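Chemist: Input structure: protein_16.txt, which contains compact mmCIF, C-alpha atoms.
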```txt
# COMPACT_ATOMS: atom_id res chain seq x y z
CA LEU A 227 148.28 -130.12 -76.21
CA ARG A 228 149.44 -126.50 -76.15
CA ILE A 229 149.30 -124.56 -72.90
CA TYR A 230 149.13 -120.80 -73.46
CA ILE A 231 150.43 -118.71 -70.56
CA ASN A 232 150.94 -115.05 -71.26
CA PHE A 233 152.71 -113.50 -68.28
CA LYS A 234 152.42 -109.72 -68.30
CA GLU A 235 155.55 -107.81 -67.35
CA PRO A 236 155.76 -104.29 -65.90
CA GLU A 237 156.65 -101.55 -68.33
CA LYS A 238 159.81 -99.51 -68.11
CA GLY A 239 159.54 -96.96 -65.35
CA CYS A 240 157.54 -99.07 -62.88
CA GLU A 241 160.64 -99.72 -60.79
CA GLU A 242 160.94 -95.99 -60.11
CA ALA A 243 157.60 -96.13 -58.32
CA LEU A 244 159.09 -98.69 -55.93
CA LYS A 245 161.67 -96.26 -54.58
CA SER A 246 161.05 -94.27 -51.41
CA SER A 247 160.71 -90.51 -51.69
CA GLU A 248 159.90 -87.46 -49.56
CA LYS A 249 156.20 -88.38 -49.76
CA VAL A 250 156.15 -92.18 -49.56
CA SER A 251 158.23 -94.92 -47.96
CA VAL A 252 158.24 -98.13 -49.97
CA VAL A 253 158.77 -101.41 -48.12
CA LEU A 254 159.59 -104.57 -50.08
CA ASP A 255 159.32 -107.45 -47.64
CA GLY A 256 159.09 -111.00 -48.94
CA HIS A 257 155.75 -111.36 -50.70
CA THR A 258 154.53 -107.88 -49.79
CA ILE A 259 154.84 -104.35 -51.15
CA LEU A 260 153.88 -101.54 -48.79
CA PHE A 261 153.45 -97.87 -49.67
CA LEU A 262 153.53 -95.84 -46.45
CA PRO A 263 152.75 -92.13 -46.65
CA LYS A 264 155.15 -89.78 -44.92
CA GLY A 265 153.86 -86.87 -42.87
CA LYS A 266 150.39 -88.41 -42.71
CA ALA A 267 150.08 -90.98 -39.97
CA ASN A 268 147.34 -93.20 -38.58
CA ALA A 269 145.17 -93.28 -41.69
CA LYS A 270 141.77 -94.54 -40.61
CA VAL A 271 141.49 -96.75 -43.67
CA GLY A 272 144.09 -98.82 -45.52
CA PHE A 273 143.91 -100.16 -49.06
CA LEU A 274 144.84 -103.77 -49.83
CA PHE A 275 145.14 -104.51 -53.55
CA TYR A 276 145.41 -107.78 -55.51
CA PRO A 277 146.96 -107.76 -59.01
CA GLY A 278 145.21 -109.18 -62.05
CA ALA A 279 145.81 -112.67 -63.43
CA LEU A 280 149.34 -113.25 -64.77
CA VAL A 281 150.27 -109.59 -64.21
CA HIS A 282 153.46 -108.77 -62.32
CA ALA A 283 152.59 -106.83 -59.18
CA HIS A 284 155.10 -104.11 -60.04
CA ALA A 285 152.90 -103.08 -62.98
CA TYR A 286 150.51 -101.51 -60.44
CA ALA A 287 153.17 -99.64 -58.48
CA PRO A 288 152.84 -96.28 -60.27
CA VAL A 289 149.08 -96.03 -59.83
CA LEU A 290 148.94 -97.37 -56.25
CA ARG A 291 151.75 -95.07 -55.20
CA VAL A 292 149.54 -92.08 -56.08
CA ILE A 293 146.93 -93.31 -53.59
CA ALA A 294 149.63 -93.54 -50.90
CA GLU A 295 150.75 -90.01 -51.72
CA GLU A 296 147.27 -88.88 -50.72
CA GLY A 297 147.81 -90.29 -47.23
CA TYR A 298 146.56 -93.86 -47.41
CA ILE A 299 148.55 -96.96 -46.49
CA VAL A 300 148.57 -99.28 -49.49
CA ALA A 301 149.53 -102.96 -49.33
CA MET A 302 149.90 -105.36 -52.26
CA PRO A 303 150.98 -109.02 -52.19
CA HIS A 304 152.96 -110.94 -54.75
CA VAL A 305 150.83 -114.04 -55.43
CA PRO A 306 151.89 -117.54 -56.56
CA LEU A 307 152.09 -117.94 -60.34
CA ARG A 308 150.68 -114.40 -60.49
CA MET A 309 147.19 -115.78 -59.77
CA ALA A 310 145.43 -114.01 -56.91
CA ASN A 311 143.14 -116.98 -56.25
CA LEU A 312 146.26 -119.00 -55.33
CA GLY A 313 147.45 -116.35 -52.88
CA LYS A 314 144.35 -114.97 -51.21
CA LEU A 315 145.83 -115.31 -47.72
CA ARG A 316 148.93 -113.39 -48.73
CA GLY A 317 146.68 -110.37 -48.54
CA LEU A 318 146.37 -111.02 -44.81
CA ASP A 319 150.15 -111.31 -44.58
CA ALA A 320 150.37 -107.86 -46.17
CA ILE A 321 147.86 -106.45 -43.70
CA HIS A 322 149.71 -107.95 -40.75
CA LEU A 323 152.99 -106.52 -42.02
CA ALA A 324 151.33 -103.11 -42.06
CA GLY A 325 149.93 -103.76 -38.60
CA ALA A 326 152.55 -101.60 -36.93
CA VAL A 327 150.70 -98.63 -38.40
CA ALA A 328 147.30 -97.87 -36.90
CA VAL A 329 144.55 -98.72 -39.40
CA ASP A 330 140.95 -98.92 -38.24
CA THR A 331 139.52 -100.60 -41.31
CA TRP A 332 140.66 -101.94 -44.67
CA VAL A 333 139.22 -101.59 -48.14
CA VAL A 334 140.21 -104.49 -50.36
CA GLY A 335 140.49 -104.05 -54.10
CA GLY A 336 141.92 -105.61 -57.19
CA HIS A 337 142.12 -105.64 -60.94
CA SER A 338 140.34 -108.34 -62.95
CA LEU A 339 140.82 -111.66 -61.10
CA GLY A 340 142.31 -109.65 -58.24
CA GLY A 341 138.99 -107.89 -57.70
CA GLN A 342 137.13 -111.18 -57.52
CA VAL A 343 139.58 -112.50 -54.93
CA ALA A 344 139.27 -109.27 -52.94
CA ALA A 345 135.53 -109.88 -52.69
CA ILE A 346 136.08 -113.49 -51.60
CA LEU A 347 138.44 -112.34 -48.83
CA VAL A 348 135.90 -109.86 -47.50
CA GLN A 349 133.07 -112.40 -47.61
CA ASP A 350 135.24 -114.99 -45.83
CA SER A 351 135.96 -112.40 -43.15
CA TYR A 352 132.29 -111.75 -42.51
CA GLU A 353 131.68 -115.51 -42.34
CA ASP A 354 134.49 -115.87 -39.76
CA LYS A 355 136.59 -118.07 -42.03
CA LEU A 356 139.77 -116.03 -41.57
CA LYS A 357 142.19 -115.84 -38.67
CA THR A 358 142.57 -112.09 -38.50
CA ASN A 359 141.47 -109.16 -36.38
CA ALA A 360 141.44 -106.87 -39.41
CA LYS A 361 138.19 -105.09 -40.16
CA PHE A 362 136.92 -104.69 -43.73
CA SER A 363 134.54 -101.96 -44.86
CA GLY A 364 134.65 -102.01 -48.66
CA VAL A 365 135.62 -103.69 -51.92
CA VAL A 366 136.99 -101.96 -55.02
CA PHE A 367 136.76 -103.63 -58.43
CA TRP A 368 138.91 -102.31 -61.29
CA GLY A 369 137.81 -104.05 -64.47
CA SER A 370 136.21 -106.77 -62.38
CA TYR A 371 133.01 -108.07 -60.78
CA ALA A 372 131.85 -110.47 -58.04
CA SER A 373 131.31 -113.76 -59.85
CA MET A 374 132.74 -115.98 -57.10
CA SER A 375 131.23 -114.29 -54.05
CA ASP A 376 128.08 -112.56 -52.82
CA LEU A 377 128.38 -109.21 -51.05
CA SER A 378 124.68 -108.35 -51.22
CA LYS A 379 123.92 -109.17 -47.58
CA LEU A 380 127.16 -107.90 -46.06
CA ASP A 381 127.64 -104.59 -44.27
CA VAL A 382 130.19 -103.32 -46.78
CA HIS A 383 130.40 -100.74 -49.54
CA SER A 384 131.54 -101.56 -53.06
CA LEU A 385 132.90 -99.61 -55.99
CA LEU A 386 133.11 -100.94 -59.55
CA VAL A 387 135.27 -99.01 -62.01
CA ASN A 388 135.23 -100.21 -65.61
CA GLY A 389 136.34 -98.96 -68.99
CA SER A 390 133.79 -98.54 -71.76
CA CYS A 391 136.21 -100.22 -74.21
CA ASP A 392 136.98 -103.19 -71.96
CA LYS A 393 136.33 -106.38 -73.94
CA VAL A 394 137.57 -108.71 -71.19
CA VAL A 395 135.17 -107.58 -68.46
CA THR A 396 132.21 -106.25 -70.39
CA LYS A 397 129.13 -104.36 -69.22
CA ALA A 398 127.10 -107.51 -69.87
CA LYS A 399 129.27 -109.47 -67.42
CA ASN A 400 128.92 -106.77 -64.80
CA ASP A 401 125.16 -106.60 -65.25
CA ARG A 402 124.89 -110.36 -64.88
CA PHE A 403 126.36 -110.23 -61.38
CA ARG A 404 124.84 -106.97 -60.11
CA THR A 405 122.63 -108.89 -57.68
CA ARG A 406 125.78 -109.99 -55.84
CA GLN A 407 126.68 -106.41 -54.98
CA PRO A 408 125.41 -104.41 -52.00
CA ALA A 409 122.40 -102.20 -52.66
CA THR A 410 124.70 -99.20 -52.18
CA ALA A 411 127.19 -100.32 -54.84
CA GLU A 412 128.69 -97.50 -56.90
CA TYR A 413 129.41 -97.88 -60.61
CA VAL A 414 131.89 -95.72 -62.49
CA THR A 415 132.43 -96.06 -66.23
CA ILE A 416 135.59 -94.57 -67.68
CA GLU A 417 134.66 -93.55 -71.20
CA GLY A 418 137.36 -94.72 -73.60
CA GLY A 419 139.12 -96.86 -71.00
CA ASN A 420 139.98 -100.52 -71.55
CA HIS A 421 141.06 -103.49 -69.41
CA ALA A 422 144.84 -103.25 -69.54
CA ASN A 423 145.26 -99.58 -68.74
CA PHE A 424 144.42 -99.90 -65.07
CA ALA A 425 148.05 -101.00 -64.85
CA ASN A 426 151.32 -100.64 -66.75
CA TYR A 427 152.00 -103.85 -68.65
CA GLY A 428 151.16 -102.97 -72.23
CA GLU A 429 148.40 -104.55 -74.26
CA HIS A 430 146.19 -107.24 -72.76
CA SER A 431 146.81 -109.95 -75.33
CA GLY A 432 145.73 -113.55 -75.07
CA PRO A 433 143.47 -116.20 -76.63
CA TRP A 434 139.82 -115.32 -77.24
CA PRO A 435 137.84 -114.20 -75.24
CA LEU A 436 140.67 -112.48 -73.39
CA VAL A 437 141.44 -109.98 -76.14
CA ASP A 438 141.03 -106.43 -74.88
CA GLY A 439 139.44 -103.50 -76.65
CA VAL A 440 141.45 -100.56 -77.93
CA ALA A 441 141.55 -97.63 -75.50
CA LYS A 442 140.37 -94.26 -76.76
CA ILE A 443 141.98 -92.23 -73.99
CA PRO A 444 145.59 -92.17 -72.74
CA LYS A 445 146.57 -94.66 -70.07
CA GLU A 446 147.49 -91.83 -67.72
CA LYS A 447 143.99 -90.37 -67.93
CA GLN A 448 142.33 -93.72 -67.25
CA GLN A 449 144.51 -94.31 -64.21
CA ALA A 450 143.93 -90.79 -62.92
CA LEU A 451 140.16 -91.30 -63.15
CA ALA A 452 140.40 -94.71 -61.45
CA VAL A 453 142.48 -93.21 -58.65
CA ASP A 454 140.08 -90.28 -58.23
CA ALA A 455 137.08 -92.61 -57.89
CA THR A 456 138.98 -94.83 -55.48
CA LEU A 457 140.09 -91.94 -53.28
CA LYS A 458 136.51 -90.70 -52.99
CA PHE A 459 135.48 -94.21 -52.03
CA LEU A 460 138.21 -94.52 -49.39
CA ARG A 461 137.06 -91.28 -47.82
CA LYS A 462 133.53 -92.69 -47.71
CA CYS A 463 134.67 -95.90 -46.05
CA GLY A 464 137.00 -94.45 -43.46
CA GLY A 465 137.29 -90.71 -43.75
CA PRO A 466 140.25 -88.63 -44.90
CA PRO A 467 143.75 -89.44 -43.67
CA VAL A 468 144.86 -87.90 -40.40
CA VAL A 469 147.69 -85.44 -41.05
CA SER A 470 150.41 -85.57 -38.43
```
Re-express the file's structure as C-alpha cells.

Modeler:
Amino acid sequence: LRIYINFKEPEKGCEEALKSSEKVSVVLDGHTILFLPKGKANAKVGFLFYPGALVHAHAYAPVLRVIAEEGYIVAMPHVPLRMANLGKLRGLDAIHLAGAVAVDTWVVGGHSLGGQVAAILVQDSYEDKLKTNAKFSGVVFWGSYASMSDLSKLDVHSLLVNGSCDKVVTKAKNDRFRTRQPATAEYVTIEGGNHANFANYGEHSGPWPLVDGVAKIPKEKQQALAVDATLKFLRKCGGPPVVS
C-alpha cells in the first residue's frame, strides 16, 4: 500500500508578504494570519480565507495581502494537516482574533477544498450550528464549488472564480453543482488561468485526476484578475472600506 501525499510549499518570496509595512500590519498568532490595513479602519466587511488541500497557508500571503492593501481585514487560519475540512472551526478562531476591529459582516472564501469548507461554515452559521456572533454575507470560491453544502436557500451572495485551463475543478464539475448556489451567484472565468495559480506553490502535481492544466497567462495576471473580482464582490457584500 502506497500513500501519496504531496504537500505544496510556498514559493520563494511569500515570506516577504508576511512582513508588516506602511500599508498593512501582519499579525501571526498561533493558527491565524491577519492582514490589517493601516489608515483604513472599521471596514464594514472582512474576508476570511481557507487554503486549498495540502497547500501551506503562506502560499496565499502575496495575493491576500493585496486585498488588505485595499482596506479590507483579511484572516486566514493554518489548518491541521493542511486540510481545511479538519480545521473548519479555526476560521472562527481567526474571526474572533480579529474581533477587536469592528467588522459588520464577513465574506468567507477559499481555494479548492478551502472554498468548499467556506461554504459549509456559512451554511452551518445559518442553521445555528456555530457558537459565534459573526455575521456572514457571502462566499467566494477560487477554483472551487459547493459539493458538500447547499447555499441555494440562504440569504447570501456567492462568487465563483475559475480558470479556463483548470483540470482539477473543471467547468463540468461547476455546472453539476450550480443548483447549490444562490440564484444571484456570480461566475467569473479567467481565460488561460489554471488551478495552481490562485496561489504561489508551483505546479499542482498529483495522481490523476488531480493533474492541473497548463496556464496560458502569467500567474501574476491570474491573481490580479481574481483579486479584482473579489474586491468588487466585497464591495457588493459590505460596501467600500471606511477611510480613517

Chemist: Which residues are close to range 453-460 of chain A, i.e. within 7 Å by only C-alpha atoms, leaving aside same-chain residues fewer than 4 positions away? Reply as a list in words.

Modeler: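 Neighbouring residues, sequence-local ones excluded: Val271, Ile293, Gln449, Gly464 and Gly465 of chain A.
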
Chemist: List as a PyMOL selection string the protein and nucleic acid residues near Val365 in chain A, meaning an atom at most 7 Å away when all atoms listed in the file are counted, but skip any in the same chain fewer than 3 places from it.

Modeler: chain A and resi 333-335+344-345+383-385

Chemist: Compare A:Leu274, A:Leu262, A:Ala425, A:Cys391 by their minimum atom-to-atom distance to Ala452 in chain A, counting only C-alpha atoms, and give me the closest one.

Modeler: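 Looking only at the distances to Ala452 in chain A, the closest residue turns out to be A:Ala425.
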
Chemist: Need to verify the contact set: Trp332 in chain A, 12 Å, all atoms listed in the file, exclusion of same-chain residues closer than 3 positions in sequence. Can you return it as a PyMOL selection string?

Modeler: chain A and resi 269-275+298-301+317-318+320-322+324-325+328-329+335+344+347-348+351+359-366+382-383+459-461+463-465

Chemist: Can you pull out the residues contacting range 284-288 of chain A? Cut-off 12 Å, using all atoms listed in the file, and skip same-chain residues under 3 positions away; I want them as a compact mmCIF listing (two decimals) with C-alpha atoms, in the frame of the given file.

Modeler:
```
# COMPACT_ATOMS: atom_id res chain seq x y z
CA PHE A 233 152.71 -113.50 -68.28
CA LYS A 234 152.42 -109.72 -68.30
CA GLU A 235 155.55 -107.81 -67.35
CA PRO A 236 155.76 -104.29 -65.90
CA GLU A 237 156.65 -101.55 -68.33
CA LYS A 238 159.81 -99.51 -68.11
CA GLY A 239 159.54 -96.96 -65.35
CA CYS A 240 157.54 -99.07 -62.88
CA GLU A 241 160.64 -99.72 -60.79
CA GLU A 242 160.94 -95.99 -60.11
CA ALA A 243 157.60 -96.13 -58.32
CA LEU A 244 159.09 -98.69 -55.93
CA LYS A 245 161.67 -96.26 -54.58
CA SER A 246 161.05 -94.27 -51.41
CA VAL A 250 156.15 -92.18 -49.56
CA VAL A 252 158.24 -98.13 -49.97
CA VAL A 253 158.77 -101.41 -48.12
CA LEU A 254 159.59 -104.57 -50.08
CA HIS A 257 155.75 -111.36 -50.70
CA THR A 258 154.53 -107.88 -49.79
CA ILE A 259 154.84 -104.35 -51.15
CA LEU A 260 153.88 -101.54 -48.79
CA PHE A 261 153.45 -97.87 -49.67
CA PHE A 275 145.14 -104.51 -53.55
CA TYR A 276 145.41 -107.78 -55.51
CA PRO A 277 146.96 -107.76 -59.01
CA GLY A 278 145.21 -109.18 -62.05
CA ALA A 279 145.81 -112.67 -63.43
CA LEU A 280 149.34 -113.25 -64.77
CA VAL A 281 150.27 -109.59 -64.21
CA ARG A 291 151.75 -95.07 -55.20
CA VAL A 292 149.54 -92.08 -56.08
CA ILE A 293 146.93 -93.31 -53.59
CA ALA A 294 149.63 -93.54 -50.90
CA GLU A 295 150.75 -90.01 -51.72
CA VAL A 300 148.57 -99.28 -49.49
CA ALA A 301 149.53 -102.96 -49.33
CA MET A 302 149.90 -105.36 -52.26
CA PRO A 303 150.98 -109.02 -52.19
CA HIS A 304 152.96 -110.94 -54.75
CA VAL A 305 150.83 -114.04 -55.43
CA ARG A 308 150.68 -114.40 -60.49
CA GLY A 336 141.92 -105.61 -57.19
CA HIS A 337 142.12 -105.64 -60.94
CA GLY A 340 142.31 -109.65 -58.24
CA TRP A 368 138.91 -102.31 -61.29
CA ALA A 422 144.84 -103.25 -69.54
CA ASN A 423 145.26 -99.58 -68.74
CA PHE A 424 144.42 -99.90 -65.07
CA ALA A 425 148.05 -101.00 -64.85
CA ASN A 426 151.32 -100.64 -66.75
CA TYR A 427 152.00 -103.85 -68.65
CA GLY A 428 151.16 -102.97 -72.23
CA LYS A 445 146.57 -94.66 -70.07
CA GLU A 446 147.49 -91.83 -67.72
CA GLN A 449 144.51 -94.31 -64.21
CA ALA A 450 143.93 -90.79 -62.92
CA VAL A 453 142.48 -93.21 -58.65
```

Chemist: Using only C-alpha atoms, which protein or nucleic acid residues come within 8 Å of Asp376 in chain A? Drop anything in the same chain fewer than 5 positions from it, and give the result as JSON, numbers by chain.

Modeler: {"A": [345, 349, 406, 407]}

Chemist: Separation of CA of His430 in chain A and CA of Pro306 in chain A, in Å?

Modeler: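 Result for CA of His430 in chain A versus CA of Pro306 in chain A: 20.0 Å, one decimal.
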
Chemist: If I take CA of Leu356 in chain A and CA of Asp401 in chain A, how far is one from the other in Å, to one decimal?

Modeler: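 According to the coordinates, CA of Leu356 in chain A and CA of Asp401 in chain A are separated by 29.4 Å.
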
Chemist: Mind pulling up the distance from CA of Gly419 in chain A to CA of Lys447 in chain A?

Modeler: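 Separation of CA of Lys447 in chain A and CA of Gly419 in chain A: 8.7 Å.
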